[in-house]
file upload02.tsv (TSV, C-alpha atoms)
chain	number	residue	atom	x	y	z
E	1	MET	CA	-45.08	-31.04	-33.94
E	2	ALA	CA	-43.51	-31.46	-30.51
E	3	ASN	CA	-46.43	-30.46	-28.33
E	4	THR	CA	-45.44	-32.65	-25.35
E	5	PHE	CA	-43.06	-31.61	-22.56
E	6	GLY	CA	-41.65	-33.64	-19.67
E	7	HIS	CA	-40.88	-37.27	-18.84
E	8	LEU	CA	-42.81	-38.49	-15.78
E	9	PHE	CA	-44.81	-35.29	-15.18
E	10	ARG	CA	-45.79	-34.78	-18.80
E	11	ILE	CA	-48.00	-32.20	-20.49
E	12	THR	CA	-49.42	-31.88	-23.99
E	13	THR	CA	-50.91	-28.51	-24.95
E	14	TRP	CA	-53.45	-28.09	-27.74
E	15	GLY	CA	-55.56	-25.44	-29.46
E	16	GLU	CA	-55.15	-22.34	-31.62
E	17	SER	CA	-55.45	-18.65	-30.80
E	18	HIS	CA	-58.78	-18.17	-32.55
E	19	GLY	CA	-60.17	-21.70	-32.37
E	20	GLY	CA	-62.93	-22.84	-30.07
E	21	ALA	CA	-60.70	-23.46	-27.06
E	22	VAL	CA	-57.19	-24.09	-25.81
E	23	GLY	CA	-56.01	-26.46	-23.13
E	24	VAL	CA	-53.68	-29.15	-21.88
E	25	ILE	CA	-53.46	-32.81	-20.93
E	26	VAL	CA	-51.44	-33.44	-17.76
E	27	ASP	CA	-50.24	-37.02	-17.42
E	28	GLY	CA	-48.22	-38.42	-14.53
E	29	CYS	CA	-49.57	-36.26	-11.74
E	30	PRO	CA	-49.55	-38.37	-8.56
E	31	PRO	CA	-52.94	-39.43	-7.14
E	32	ARG	CA	-54.69	-37.96	-4.10
E	33	LEU	CA	-53.51	-34.38	-4.65
E	34	GLU	CA	-56.37	-32.07	-3.74
E	35	LEU	CA	-57.27	-30.17	-6.91
E	36	THR	CA	-60.13	-28.00	-8.13
E	37	GLU	CA	-60.46	-25.19	-10.64
E	38	ALA	CA	-59.84	-22.75	-7.78
E	39	ASP	CA	-56.24	-24.00	-7.54
E	40	ILE	CA	-55.60	-23.19	-11.20
E	41	GLN	CA	-57.61	-20.04	-11.90
E	42	PRO	CA	-55.41	-17.50	-10.04
E	43	ASP	CA	-52.40	-18.17	-12.28
E	44	LEU	CA	-54.57	-18.00	-15.40
E	45	ASN	CA	-55.88	-14.64	-14.19
E	46	ARG	CA	-52.28	-13.41	-14.00
E	47	ARG	CA	-51.57	-14.64	-17.55
E	48	ARG	CA	-54.77	-13.51	-19.28
E	49	PRO	CA	-54.98	-10.51	-21.63
E	50	GLY	CA	-57.00	-7.42	-20.78
E	51	GLN	CA	-55.81	-7.23	-17.15
E	52	SER	CA	-54.16	-3.80	-17.45
E	53	ARG	CA	-53.52	-0.98	-19.89
E	54	ILE	CA	-50.00	-2.22	-20.70
E	55	VAL	CA	-51.02	-5.63	-22.12
E	56	SER	CA	-53.19	-6.86	-24.99
E	57	PRO	CA	-56.78	-5.53	-24.70
E	58	ARG	CA	-58.26	-8.85	-25.82
E	59	LYS	CA	-61.04	-9.66	-23.33
E	60	GLU	CA	-60.71	-13.26	-22.20
E	61	LEU	CA	-61.84	-14.45	-18.76
E	62	ASP	CA	-59.87	-17.67	-19.26
E	63	ARG	CA	-62.14	-19.76	-17.04
E	64	VAL	CA	-60.63	-23.22	-16.64
E	65	GLU	CA	-62.65	-26.43	-16.63
E	66	ILE	CA	-61.33	-29.76	-15.36
E	67	LEU	CA	-62.76	-32.40	-17.68
E	68	SER	CA	-61.02	-35.50	-16.34
E	69	GLY	CA	-58.47	-36.87	-13.90
E	70	THR	CA	-60.11	-35.86	-10.61
E	71	PHE	CA	-62.81	-37.30	-8.36
E	72	GLU	CA	-64.28	-35.72	-5.26
E	73	GLY	CA	-61.71	-32.94	-5.45
E	74	LYS	CA	-58.61	-35.14	-5.68
E	75	THR	CA	-56.40	-36.32	-8.52
E	76	LEU	CA	-56.83	-39.92	-9.60
E	77	GLY	CA	-53.38	-40.49	-11.09
E	78	THR	CA	-55.01	-40.57	-14.53
E	79	PRO	CA	-54.69	-37.94	-17.30
E	80	ILE	CA	-56.04	-34.53	-16.29
E	81	CYS	CA	-57.72	-32.62	-19.11
E	82	LEU	CA	-58.01	-28.84	-18.69
E	83	LEU	CA	-60.03	-26.69	-21.09
E	84	VAL	CA	-60.29	-22.91	-21.52
E	85	LYS	CA	-62.73	-21.57	-24.10
E	86	ASN	CA	-61.82	-18.71	-26.44
E	87	GLU	CA	-64.50	-16.06	-25.95
E	88	ASP	CA	-63.16	-12.94	-27.71
E	89	ALA	CA	-61.64	-14.22	-30.95
E	90	ARG	CA	-61.76	-11.80	-33.89
E	91	PRO	CA	-60.26	-13.65	-36.85
E	92	GLU	CA	-61.51	-11.01	-39.30
E	93	ALA	CA	-58.88	-8.61	-37.95
E	94	TYR	CA	-56.13	-10.81	-39.41
E	95	THR	CA	-57.24	-11.19	-43.05
E	96	GLU	CA	-54.20	-9.32	-44.40
E	97	MET	CA	-51.98	-11.93	-42.72
E	98	ALA	CA	-53.60	-14.66	-44.83
E	99	THR	CA	-51.42	-13.53	-47.72
E	100	LYS	CA	-48.56	-11.64	-46.02
E	101	PHE	CA	-45.89	-12.70	-43.55
E	102	ARG	CA	-45.27	-10.57	-40.46
E	103	PRO	CA	-41.56	-9.76	-40.04
E	104	SER	CA	-39.80	-11.76	-37.28
E	105	HIS	CA	-43.00	-13.72	-36.59
E	106	ALA	CA	-43.50	-17.43	-37.26
E	107	ASP	CA	-45.85	-16.86	-40.22
E	108	TYR	CA	-43.22	-17.56	-42.88
E	109	THR	CA	-41.40	-20.37	-41.08
E	110	TYR	CA	-44.63	-22.29	-40.39
E	111	GLN	CA	-45.58	-21.92	-44.07
E	112	ALA	CA	-42.11	-23.07	-45.14
E	113	LYS	CA	-42.29	-26.14	-42.88
E	114	PHE	CA	-45.91	-27.31	-43.19
E	115	GLY	CA	-47.19	-25.69	-46.41
E	116	ILE	CA	-50.24	-24.55	-44.44
E	117	ARG	CA	-50.81	-22.31	-41.42
E	118	ASN	CA	-53.59	-20.83	-39.35
E	119	TRP	CA	-53.14	-17.10	-39.97
E	120	GLN	CA	-55.92	-16.10	-37.55
E	121	GLY	CA	-54.01	-14.51	-34.70
E	122	GLY	CA	-51.00	-16.70	-35.42
E	123	GLY	CA	-52.82	-19.93	-34.63
E	124	ARG	CA	-50.54	-22.26	-32.68
E	125	THR	CA	-47.68	-19.73	-32.63
E	126	SER	CA	-49.69	-17.27	-30.57
E	127	ALA	CA	-48.88	-16.78	-26.89
E	128	ARG	CA	-52.43	-18.02	-26.30
E	129	GLU	CA	-50.90	-21.52	-26.45
E	130	THR	CA	-49.36	-20.80	-23.05
E	131	VAL	CA	-52.78	-21.00	-21.37
E	132	GLY	CA	-52.25	-24.76	-21.17
E	133	ARG	CA	-48.72	-24.40	-19.79
E	134	VAL	CA	-49.82	-22.02	-17.04
E	135	ALA	CA	-52.79	-24.22	-16.10
E	136	ALA	CA	-50.57	-27.30	-15.88
E	137	GLY	CA	-47.90	-25.31	-14.07
E	138	ALA	CA	-50.41	-24.38	-11.36
E	139	ILE	CA	-50.86	-28.09	-10.63
E	140	ALA	CA	-47.09	-28.62	-10.57
E	141	LYS	CA	-46.64	-25.64	-8.23
E	142	LYS	CA	-49.17	-27.04	-5.79
E	143	LEU	CA	-47.54	-30.47	-5.89
E	144	LEU	CA	-44.09	-28.98	-5.24
E	145	ARG	CA	-45.33	-26.72	-2.47
E	146	GLN	CA	-47.32	-29.41	-0.70
E	147	GLU	CA	-44.95	-32.35	-1.06
E	148	HIS	CA	-41.56	-30.61	-0.92
E	149	GLY	CA	-42.04	-27.08	0.43
E	150	VAL	CA	-40.76	-25.53	-2.81
E	151	GLU	CA	-41.70	-21.91	-3.56
E	152	ILE	CA	-41.55	-20.65	-7.15
E	153	LEU	CA	-41.53	-16.95	-8.01
E	154	SER	CA	-40.80	-14.80	-11.02
E	155	TYR	CA	-40.61	-11.05	-11.62
E	156	VAL	CA	-39.68	-8.43	-14.21
E	157	GLN	CA	-36.12	-7.24	-13.67
E	158	GLN	CA	-35.61	-5.08	-16.74
E	159	VAL	CA	-37.59	-3.37	-19.49
E	160	GLN	CA	-35.26	-2.18	-22.24
E	161	ARG	CA	-32.68	-0.07	-20.31
E	162	ILE	CA	-34.70	0.35	-17.10
E	163	THR	CA	-33.33	-2.08	-14.49
E	164	ALA	CA	-34.83	-2.88	-11.09
E	165	GLU	CA	-32.87	-3.33	-7.87
E	166	VAL	CA	-34.27	-6.52	-6.31
E	167	ASP	CA	-32.85	-8.94	-3.75
E	168	PRO	CA	-33.87	-12.38	-5.07
E	169	ASN	CA	-33.52	-13.84	-1.58
E	170	LYS	CA	-36.06	-11.45	-0.06
E	171	VAL	CA	-38.55	-10.73	-2.85
E	172	THR	CA	-42.17	-11.68	-2.14
E	173	ALA	CA	-45.18	-12.55	-4.26
E	174	LYS	CA	-47.03	-9.59	-2.73
E	175	ALA	CA	-44.34	-7.17	-3.90
E	176	ILE	CA	-44.30	-8.69	-7.38
E	177	GLU	CA	-48.08	-8.40	-7.77
E	178	SER	CA	-48.20	-4.84	-6.39
E	179	ASN	CA	-48.13	-3.24	-9.85
E	180	ALA	CA	-49.16	-3.96	-13.45
E	181	VAL	CA	-45.65	-4.68	-14.75
E	182	ARG	CA	-44.90	-7.23	-11.97
E	183	CYS	CA	-41.67	-5.58	-10.88
E	184	PRO	CA	-41.11	-5.54	-7.09
E	185	ASP	CA	-39.03	-2.34	-7.30
E	186	ALA	CA	-41.79	0.29	-7.09
E	187	LYS	CA	-39.75	3.19	-8.50
E	188	ALA	CA	-38.42	1.16	-11.41
E	189	ALA	CA	-41.93	-0.22	-12.03
E	190	GLU	CA	-43.35	3.28	-12.49
E	191	ARG	CA	-40.69	4.09	-15.08
E	192	MET	CA	-41.26	0.76	-16.84
E	193	ILE	CA	-45.01	1.35	-17.06
E	194	ARG	CA	-44.52	4.85	-18.51
E	195	LEU	CA	-42.09	3.47	-21.10
E	196	ILE	CA	-44.46	0.67	-22.15
E	197	GLU	CA	-47.34	3.14	-22.49
E	198	ARG	CA	-45.23	5.46	-24.69
E	199	VAL	CA	-44.16	2.56	-26.89
E	200	ARG	CA	-47.76	1.31	-27.18
E	201	GLN	CA	-49.00	4.74	-28.25
E	202	ALA	CA	-46.30	4.81	-30.92
E	203	GLY	CA	-47.55	1.46	-32.27
E	204	ASP	CA	-44.32	-0.27	-31.27
E	205	THR	CA	-43.16	-2.88	-28.74
E	206	VAL	CA	-40.39	-3.36	-26.20
E	207	GLY	CA	-38.62	-6.29	-24.49
E	208	GLY	CA	-36.65	-7.04	-21.34
E	209	ILE	CA	-35.68	-9.63	-18.72
E	210	VAL	CA	-37.68	-11.84	-16.36
E	211	VAL	CA	-36.02	-13.48	-13.33
E	212	GLY	CA	-37.11	-16.95	-12.21
E	213	LEU	CA	-36.61	-18.31	-8.67
E	214	ALA	CA	-37.15	-21.63	-6.92
E	215	ARG	CA	-36.62	-21.70	-3.15
E	216	GLY	CA	-36.50	-24.82	-1.02
E	217	VAL	CA	-35.41	-27.23	-3.75
E	218	PRO	CA	-33.51	-30.03	-1.95
E	219	ALA	CA	-30.05	-31.12	-3.02
E	220	GLY	CA	-30.07	-34.00	-5.48
E	221	TRP	CA	-32.69	-33.14	-8.10
E	222	GLY	CA	-31.52	-33.28	-11.71
E	223	GLU	CA	-29.57	-35.62	-13.94
E	224	PRO	CA	-25.99	-35.76	-15.19
E	225	VAL	CA	-24.94	-35.09	-18.78
E	226	PHE	CA	-27.88	-34.54	-21.17
E	227	ASP	CA	-30.76	-33.93	-18.76
E	228	ARG	CA	-28.98	-31.49	-16.49
E	229	LEU	CA	-31.45	-29.46	-14.45
E	230	GLU	CA	-30.25	-26.16	-15.93
E	231	ALA	CA	-30.42	-27.63	-19.44
E	232	ASP	CA	-34.06	-28.61	-18.94
E	233	LEU	CA	-34.81	-25.17	-17.48
E	234	ALA	CA	-33.14	-23.55	-20.48
E	235	LYS	CA	-35.20	-25.62	-22.91
E	236	ALA	CA	-38.37	-24.82	-20.97
E	237	MET	CA	-37.73	-21.08	-21.02
E	238	LEU	CA	-36.57	-20.90	-24.62
E	239	SER	CA	-39.75	-22.72	-25.68
E	240	LEU	CA	-41.79	-19.71	-24.51
E	241	PRO	CA	-42.96	-17.24	-27.17
E	242	ALA	CA	-40.60	-14.27	-27.70
E	243	SER	CA	-37.83	-15.70	-25.48
E	244	LYS	CA	-34.33	-15.12	-26.85
E	245	GLY	CA	-31.87	-15.79	-24.05
E	246	PHE	CA	-31.28	-17.74	-20.84
E	247	ASP	CA	-28.58	-17.62	-18.20
E	248	ILE	CA	-28.36	-19.05	-14.70
E	249	GLY	CA	-26.51	-17.95	-11.58
E	250	SER	CA	-23.62	-15.68	-12.56
E	251	GLY	CA	-24.46	-16.39	-16.20
E	252	PHE	CA	-22.46	-14.47	-18.78
E	253	GLY	CA	-21.21	-12.18	-16.01
E	254	GLY	CA	-19.19	-15.08	-14.63
E	255	ILE	CA	-16.59	-14.67	-17.36
E	256	LEU	CA	-15.34	-11.54	-15.60
E	257	LEU	CA	-14.30	-13.54	-12.51
E	258	THR	CA	-11.47	-15.94	-11.78
E	259	GLY	CA	-12.17	-19.45	-10.59
E	260	THR	CA	-11.40	-18.59	-6.97
E	261	GLN	CA	-13.71	-15.57	-7.17
E	262	HIS	CA	-16.48	-17.54	-8.83
E	263	ASN	CA	-16.50	-20.70	-6.70
E	264	ASP	CA	-19.21	-21.11	-4.04
E	265	PRO	CA	-17.41	-22.26	-0.84
E	266	PHE	CA	-19.10	-25.08	1.07
E	267	ARG	CA	-19.83	-24.99	4.78
E	268	ALA	CA	-21.77	-27.28	7.10
E	269	ARG	CA	-24.03	-26.58	10.05
E	270	SER	CA	-25.80	-29.31	12.03
E	271	ARG	CA	-24.73	-31.80	9.37
E	272	LYS	CA	-26.43	-29.73	6.66
E	273	VAL	CA	-24.33	-28.50	3.73
E	274	TYR	CA	-24.77	-25.00	2.36
E	275	THR	CA	-22.81	-22.56	0.19
E	276	MET	CA	-21.52	-19.17	1.31
E	277	THR	CA	-22.33	-17.65	-2.10
E	278	ASN	CA	-24.60	-18.76	-4.91
E	279	ARG	CA	-22.93	-17.94	-8.21
E	280	SER	CA	-23.89	-21.43	-9.41
E	281	GLY	CA	-27.58	-20.47	-9.27
E	282	GLY	CA	-28.43	-23.46	-7.09
E	283	ILE	CA	-27.25	-26.10	-9.58
E	284	GLN	CA	-23.87	-27.84	-9.93
E	285	GLY	CA	-23.11	-30.64	-12.35
E	286	GLY	CA	-26.72	-30.51	-13.51
E	287	ILE	CA	-28.01	-31.36	-10.01
E	288	SER	CA	-29.53	-29.05	-7.40
E	289	ASN	CA	-27.28	-28.25	-4.41
E	290	GLY	CA	-29.97	-26.99	-2.01
E	291	ALA	CA	-29.42	-23.29	-2.63
E	292	THR	CA	-32.03	-21.08	-4.30
E	293	ILE	CA	-32.24	-21.74	-8.03
E	294	TYR	CA	-32.26	-18.45	-9.91
E	295	PHE	CA	-31.97	-17.57	-13.59
E	296	ARG	CA	-32.86	-14.90	-16.15
E	297	VAL	CA	-34.85	-15.08	-19.37
E	298	ALA	CA	-34.56	-12.42	-22.08
E	299	PHE	CA	-37.70	-11.63	-24.09
E	300	LYS	CA	-37.51	-9.75	-27.36
E	301	PRO	CA	-39.92	-6.97	-28.34
E	302	VAL	CA	-43.17	-8.51	-29.60
E	303	ALA	CA	-42.90	-9.05	-33.37
E	304	THR	CA	-46.35	-7.72	-34.27
E	305	VAL	CA	-46.19	-3.92	-34.40
E	306	MET	CA	-48.72	-1.33	-35.56
E	307	GLN	CA	-46.39	0.31	-38.07
E	308	VAL	CA	-45.80	-0.21	-41.79
E	309	GLN	CA	-43.00	-2.70	-42.42
E	310	GLN	CA	-41.46	-4.33	-45.46
E	311	THR	CA	-42.32	-7.99	-46.07
E	312	VAL	CA	-43.27	-10.51	-48.76
E	313	ASP	CA	-46.56	-12.19	-49.57
E	314	VAL	CA	-47.40	-15.87	-50.14
E	315	LYS	CA	-46.45	-15.47	-53.81
E	316	TYR	CA	-43.02	-14.23	-52.70
E	317	GLN	CA	-43.63	-10.73	-53.99
E	318	ASN	CA	-42.25	-7.75	-52.11
E	319	THR	CA	-44.91	-5.73	-50.32
E	320	THR	CA	-45.65	-3.97	-47.03
E	321	ILE	CA	-47.80	-4.80	-44.00
E	322	LYS	CA	-49.26	-2.88	-41.08
E	323	ALA	CA	-50.41	-5.48	-38.60
E	324	PRO	CA	-53.88	-5.02	-37.13
E	325	GLY	CA	-55.33	-6.91	-34.15
E	326	ARG	CA	-54.75	-6.75	-30.40
E	327	HIS	CA	-51.23	-7.37	-29.21
E	328	ASP	CA	-49.02	-6.82	-26.18
E	329	PRO	CA	-46.74	-3.78	-26.36
E	330	CYS	CA	-44.53	-5.73	-23.92
E	331	VAL	CA	-44.82	-9.43	-23.16
E	332	LEU	CA	-43.03	-9.26	-19.80
E	333	PRO	CA	-45.94	-8.75	-17.33
E	334	ARG	CA	-47.77	-11.79	-18.72
E	335	ALA	CA	-44.53	-13.76	-19.14
E	336	VAL	CA	-44.04	-13.82	-15.35
E	337	PRO	CA	-46.65	-16.57	-14.70
E	338	MET	CA	-45.40	-18.39	-17.81
E	339	VAL	CA	-41.85	-18.52	-16.44
E	340	GLU	CA	-43.18	-19.74	-13.09
E	341	ALA	CA	-45.24	-22.43	-14.81
E	342	MET	CA	-42.36	-23.79	-16.87
E	343	THR	CA	-40.09	-23.76	-13.81
E	344	ALA	CA	-42.66	-25.77	-11.87
E	345	LEU	CA	-43.11	-28.26	-14.70
E	346	VAL	CA	-39.37	-28.92	-14.91
E	347	LEU	CA	-38.98	-29.29	-11.14
E	348	ALA	CA	-42.07	-31.49	-10.71
E	349	ASP	CA	-40.77	-33.79	-13.43
E	350	HIS	CA	-37.31	-34.01	-11.84
E	351	ALA	CA	-38.79	-34.54	-8.38
E	352	LEU	CA	-40.64	-37.60	-9.67
E	353	ARG	CA	-37.59	-38.82	-11.60
E	354	HIS	CA	-35.42	-38.49	-8.50
E	355	LYS	CA	-37.91	-40.46	-6.41
E	356	ALA	CA	-38.19	-43.16	-9.07
E	357	GLN	CA	-34.42	-43.64	-9.30
E	358	CYS	CA	-33.20	-42.88	-5.80
E	359	GLY	CA	-36.24	-43.45	-3.59

call {"tool": "encode", "arguments": {"input": "upload02.tsv", "output": "structure tokens"}}
result
Amino acid sequence: MANTFGHLFRITTWGESHGGAVGVIVDGCPPRLELTEADIQPDLNRRRPGQSRIVSPRKELDRVEILSGTFEGKTLGTPICLLVKNEDARPEAYTEMATKFRPSHADYTYQAKFGIRNWQGGGRTSARETVGRVAAGAIAKKLLRQEHGVEILSYVQQVQRITAEVDPNKVTAKAIESNAVRCPDAKAAERMIRLIERVRQAGDTVGGIVVGLARGVPAGWGEPVFDRLEADLAKAMLSLPASKGFDIGSGFGGILLTGTQHNDPFRARSRKVYTMTNRSGGIQGGISNGATIYFRVAFKPVATVMQVQQTVDVKYQNTTIKAPGRHDPCVLPRAVPMVEAMTALVLADHALRHKAQCG
């Protein structure tokens, strides 16, 4: 299984949803970066279940422990091992899934590939795997902020048909964190929360769109051809659980424009180049141009629903299933720190690659 992500700033996540712990190995982090658990815990708190009435009620504190890679509060340049113990696992709630496949979940495909699967909470396919990504992403965010002045933000733009009006150039972390759904448009957030609560009470789920931003990225990061910056961002986002779509800048909306309408005109001030518009989303030819990088990630409704559905069992007999357990009625509020983490991991990796090649 491909559990490793990145080239120079590389992570390997490990652990299952209902095992003893989950975590990550971070390799390639530069030495002498000040780092303690306090730098990582806030993002894990934003990702953890049980934080509001519109997410999974599973009670996990998600306390992170740094097991290696630091000394006297600074990174050593050696592998950093981060561990988070599972404290509220209830594997007995998933016994029906030992013999039945949940529709649109990875139960069947894992069985088809490996001939064995951990059916307790989905095992490795659970969003609990993202604990390691978010923990590693917190390190990458600090590195980018401290060394390059890069700010990374993410927010919920849409839940089903409810769309927020947000200026990506002005949005703040405080506004994003002002409500449970992590939408900086207060009026839209209220409607989103009511919708998610109605769907949860009906035993169903709902999806939507998360916007990712990176401000202060200098021109020049990224690679031509296969490792284009937007291609690596797309892979990062589409590797997240429940993600189904990615577009950057004008995205699919760009097809409605002509070339002259779509182009971002260049200007210069004090020998610094900038663009008058940003339909490129901060990336051209796979390389950052100095403008804000912004993109959207579509997340489907969570596959595990509390209603009777048709399925098959491990003997390939037709049957039905009503999934038990504790699940998110909408993944979006907890996906926000996940999108930020994966953005930071991509940019930290490309920052190091740029320095290695170009100085």

call {"tool": "atom_distance", "arguments": {"input": "upload02.tsv", "atom1": "atom CA of E:Ala348", "atom2": "atom CA of E:Gln146"}}
result
11.5 Å

call {"tool": "closest_residue", "arguments": {"input": "upload02.tsv", "among": "E:Ile152, E:Ala186, E:Ile196, E:Val331", "to": "E:Thr343", "atoms": "only C-alpha atoms"}}
result
E:Ile152

call {"tool": "residues_around", "arguments": {"input": "upload02.tsv", "residues": "stretch 311-324 of chain E", "least_positions_apart": "2", "cutoff": "9 Å", "atoms": "only C-alpha atoms", "output": "MDAnalysis selection string"}}
result
chainID E and resid 93:94 96:103 108 111 304:309 326:327

call {"tool": "closest_residue", "arguments": {"input": "upload02.tsv", "among": "E:Thr275, E:Thr78, E:Gln157, E:Ser52", "to": "E:Gly290", "atoms": "all atoms listed in the file"}}
result
E:Thr275

call {"tool": "closest_residue", "arguments": {"input": "upload02.tsv", "among": "E:Lys244, E:Thr12, E:Arg48, E:Ser280", "to": "E:Gly259", "atoms": "only C-alpha atoms"}}
result
E:Ser280

call {"tool": "residues_around", "arguments": {"input": "upload02.tsv", "residues": "stretch 25-28 of chain E", "least_positions_apart": "6", "cutoff": "10 Å", "atoms": "all atoms listed in the file", "output": "VMD selection string"}}
result
chain E and resid 4 to 14 67 to 69 77 to 83 132 to 133 135 to 137 139 to 140 349 352

call {"tool": "atom_distance", "arguments": {"input": "upload02.tsv", "atom1": "atom CA of E:Asp62", "atom2": "atom CA of E:Arg194"}}
result
27.3 Å

call {"tool": "closest_residue", "arguments": {"input": "upload02.tsv", "among": "E:Asp264, E:Arg182, E:Met342, E:Lys187", "to": "E:Lys235", "atoms": "only C-alpha atoms"}}
result
E:Met342

call {"tool": "residues_around", "arguments": {"input": "upload02.tsv", "residues": "E:Gly50", "least_positions_apart": "4", "cutoff": "12 Å", "atoms": "all atoms listed in the file", "output": "compact mmCIF listing (two decimals) with C-alpha atoms, in the coordinates of the input"}}
result
# COMPACT_ATOMS: atom_id res chain seq x y z
CA ASN E 45 -55.88 -14.64 -14.19
CA ARG E 46 -52.28 -13.41 -14.00
CA ILE E 54 -50.00 -2.22 -20.70
CA VAL E 55 -51.02 -5.63 -22.12
CA SER E 56 -53.19 -6.86 -24.99
CA PRO E 57 -56.78 -5.53 -24.70
CA ARG E 58 -58.26 -8.85 -25.82
CA LYS E 59 -61.04 -9.66 -23.33
CA GLU E 60 -60.71 -13.26 -22.20
CA LEU E 61 -61.84 -14.45 -18.76
CA ASP E 62 -59.87 -17.67 -19.26
CA ASP E 88 -63.16 -12.94 -27.71
CA ALA E 180 -49.16 -3.96 -13.45
CA ARG E 326 -54.75 -6.75 -30.40
CA HIS E 327 -51.23 -7.37 -29.21
CA ASP E 328 -49.02 -6.82 -26.18
CA PRO E 333 -45.94 -8.75 -17.33
CA ARG E 334 -47.77 -11.79 -18.72
